[in-house]
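Colleague: Sharing a structure with you now.
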Amino acid sequence: MNAGQSMSAPSSNFLFIQSKMQSRKIAFSVTGFCILSMFLFQSCITYKNAAYFQDFSDTAKPQIAKTIPFATPVIQVDDILTITIQTIDNDISGLLNSSNSINGSNTSLPVSGSATAAGTPTQQLVNGYLVDKDGIVELPFIGKVKLAGLTTSEAKEKIRKEAEKQFNNPLINVRFANFKITVLGEVNRPASYISPNEKVNVFDALGMAGDVTIFGKKENILLLRDTLGDKKMIRLNLNSKEIVTSPYFYLQPNDIVYVEPNKYKIASVDAVRNRNITIAVSAMSLLIVILSRFR
C-alpha cells in the first residue's frame, strides 16, 4: 500500500462518518419538526371564544341590562294548538276534548326532540288542532274559529265567546303544541325541540341542544326566522352582554338557530390524517437513521 492509498482510507472513513452524522441529524430534525408541528396544532385550538359574555368583567360590580320587552308570539298558519274546553258536564267535556288532534282527524305530527328530555332528543308525537291555510281551526260543537294573528290569550277569549253560545261558563285553555325550535351546527345535540312554554330565549334553545361545542363560533350565531313567507337571517353575538338587549333574544316558533363551526373545526376533521402523516414521516426518518447506520 502506498502513501496515497493510506491517506485516502482515513479520508473516506471520515467522509462516511460525516455523511452518516448528517443523515442522522436530518432525520432527527425532521422527526422533531413533525412532533413540534403536532403540538403546535393542538395549541392552536384556543379557548378564547369558549366563554359567554366576554365583555363583562368577572370583577365588575353587578350590572343591569334592560332587555327588550318580550313579544308574545302570534298564531300562524300551520301551527298546532292544544285547545281544551271544560264545562260543568264531564261527559260534554270529554266529547269536546276527545278530538284534540289534528282538526279532529285523530292523527299526530312527529317532531324530533323534547325540551324536557334529559338526554338525547327523542321522537315524539304532537297532538292538537292544525291552523289551516285560512288561519282557521274547527272545534267540536263550536265550529270554525279564525285564530291566525292572535296570541294564545286572545285566542282563548275568542273561543270562550263562541263556546258560551253553547255552554255555561266554559273554561278554555289554548297553548302552542308545536313551539318548535331547531338548533343545528356545532352543538352537542342538534335537533328540533318542543318548548313547554312560549317565553324561550336563545340560551334556552342552546341549553336544550346541550350547549355549543368548543368549535362553535359564539360570536356569529345565525338565526333564521319566518316572516310573512320569507326567511329573515340575523347574526347574534353571544360573546357580548348586549345579546340580552337584542330584539331577537327571545325566539319565535319555528326559529332555526345555526352555530357555525370555527376554522379549528375543519382542522380537527383532518387531525387523523395529519397524525398519520406525522407517523409516516417519523417512520421514514427512523428508517433513514437505520439505513445510514448499516450503510
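Please note that chains go A, B, ... in the order of the C-alpha cells, that every chain numbers its residues from 1, and that ligands are numbered from 1 in the order shown.
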List every residue of range 73-268 of chain A that DSSP, applied to the backbone of this structure, assigns to strand (DSSP E or B), and report them as a compact mmCIF listing (two decimals) with C-alpha atoms, in the first residue's frame.
Modeller:
# COMPACT_ATOMS: atom_id res chain seq x y z
CA ILE A 80 -100.67 23.21 16.03
CA LEU A 81 -102.68 24.27 19.06
CA THR A 82 -103.70 22.36 22.15
CA ILE A 83 -107.21 23.57 22.95
CA THR A 84 -109.13 22.26 25.95
CA ILE A 85 -112.70 23.21 26.82
CA GLN A 86 -114.07 22.30 30.24
CA LEU A 109 -97.37 15.04 13.70
CA PRO A 110 -93.93 13.63 14.53
CA VAL A 111 -91.40 16.10 15.87
CA SER A 112 -87.86 15.23 16.91
CA GLN A 123 -89.10 11.24 18.54
CA GLN A 124 -92.43 12.36 19.89
CA LEU A 125 -95.93 12.92 18.54
CA VAL A 126 -97.58 16.33 18.66
CA TYR A 129 -105.62 21.42 16.17
CA LEU A 130 -103.87 22.39 12.96
CA ILE A 136 -108.96 28.66 10.95
CA VAL A 137 -109.42 25.76 13.35
CA GLU A 138 -112.62 23.73 13.56
CA LEU A 139 -113.77 22.79 17.05
CA GLY A 143 -117.44 25.18 14.55
CA LYS A 144 -114.83 27.18 12.69
CA VAL A 145 -112.90 29.88 14.52
CA LYS A 146 -110.25 32.05 12.92
CA LEU A 171 -113.10 27.06 30.90
CA ILE A 172 -110.79 27.46 27.92
CA ASN A 173 -107.08 26.79 27.63
CA VAL A 174 -105.03 27.42 24.48
CA ARG A 175 -101.35 26.58 24.09
CA PHE A 176 -98.90 26.00 21.30
CA LYS A 180 -90.61 24.09 17.84
CA ILE A 181 -87.06 25.43 17.87
CA THR A 182 -84.44 23.83 15.64
CA VAL A 183 -80.80 24.01 16.72
CA LEU A 184 -78.16 22.97 14.20
CA GLY A 185 -74.40 23.10 13.72
CA VAL A 187 -73.93 21.91 19.37
CA ALA A 191 -82.28 18.53 16.65
CA SER A 192 -85.73 20.11 16.70
CA TYR A 193 -87.06 20.74 20.22
CA ILE A 194 -90.56 21.39 21.53
CA ASN A 201 -84.62 32.75 24.53
CA VAL A 212 -72.23 25.00 21.94
CA GLY A 216 -68.69 26.75 17.64
CA ILE A 221 -74.72 32.66 15.64
CA LEU A 222 -77.18 32.63 12.75
CA LEU A 223 -80.91 32.93 13.45
CA LEU A 224 -83.40 32.12 10.68
CA ARG A 225 -86.98 33.28 11.20
CA ASP A 226 -90.12 33.01 9.12
CA THR A 227 -91.72 36.39 8.46
CA ASP A 230 -89.90 35.00 3.87
CA LYS A 231 -86.80 33.93 5.81
CA LYS A 232 -85.14 36.63 7.86
CA MET A 233 -81.47 35.96 8.67
CA ILE A 234 -79.96 37.55 11.78
CA ARG A 235 -76.48 37.34 13.29
CA LEU A 236 -76.13 37.17 17.07
CA TYR A 250 -86.41 35.78 22.52
CA ILE A 256 -83.76 27.93 13.42
CA VAL A 257 -80.55 28.55 15.37
CA TYR A 258 -77.38 27.64 13.50
CA VAL A 259 -73.98 27.58 15.19
CA PRO A 261 -68.03 25.95 13.05
Colleague: Which residue is closest to Gln76 in chain A? Choose from A:Phe215, A:Tyr248, A:Tyr264, A:Phe179 and count only C-alpha atoms.
Modeller: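 Among A:Phe215, A:Tyr248, A:Tyr264, A:Phe179, it is A:Phe179 that comes nearest to Gln76 in chain A.
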Colleague: Nearest residue to Asn239 in chain A out of A:Pro170, A:Asp255, A:Asn220, A:Gly210, using only C-alpha atoms?
Modeller: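 Distance minimum relative to Asn239 in chain A lands on A:Asn220.
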Colleague: Between CA of Lys158 in chain A and CA of Lys133 in chain A, what distance in Å does the model show, to one decimal?
Modeller: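 If I compute the distance from CA of Lys158 in chain A to CA of Lys133 in chain A, I get 19.1 Å.
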Colleague: Hey, can you check how far CA of Asp89 in chain A sits from CA of Gln166 in chain A?
Modeller: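 So the answer is 12.3 Å.
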Colleague: Determine which residues of range 129-274 of chain A receive a DSSP assignment of alpha helix (DSSP H), computed from the backbone, and state them as a ChimeraX atom specification.
Modeller: /A:152-163,202-208,263-269,271-274
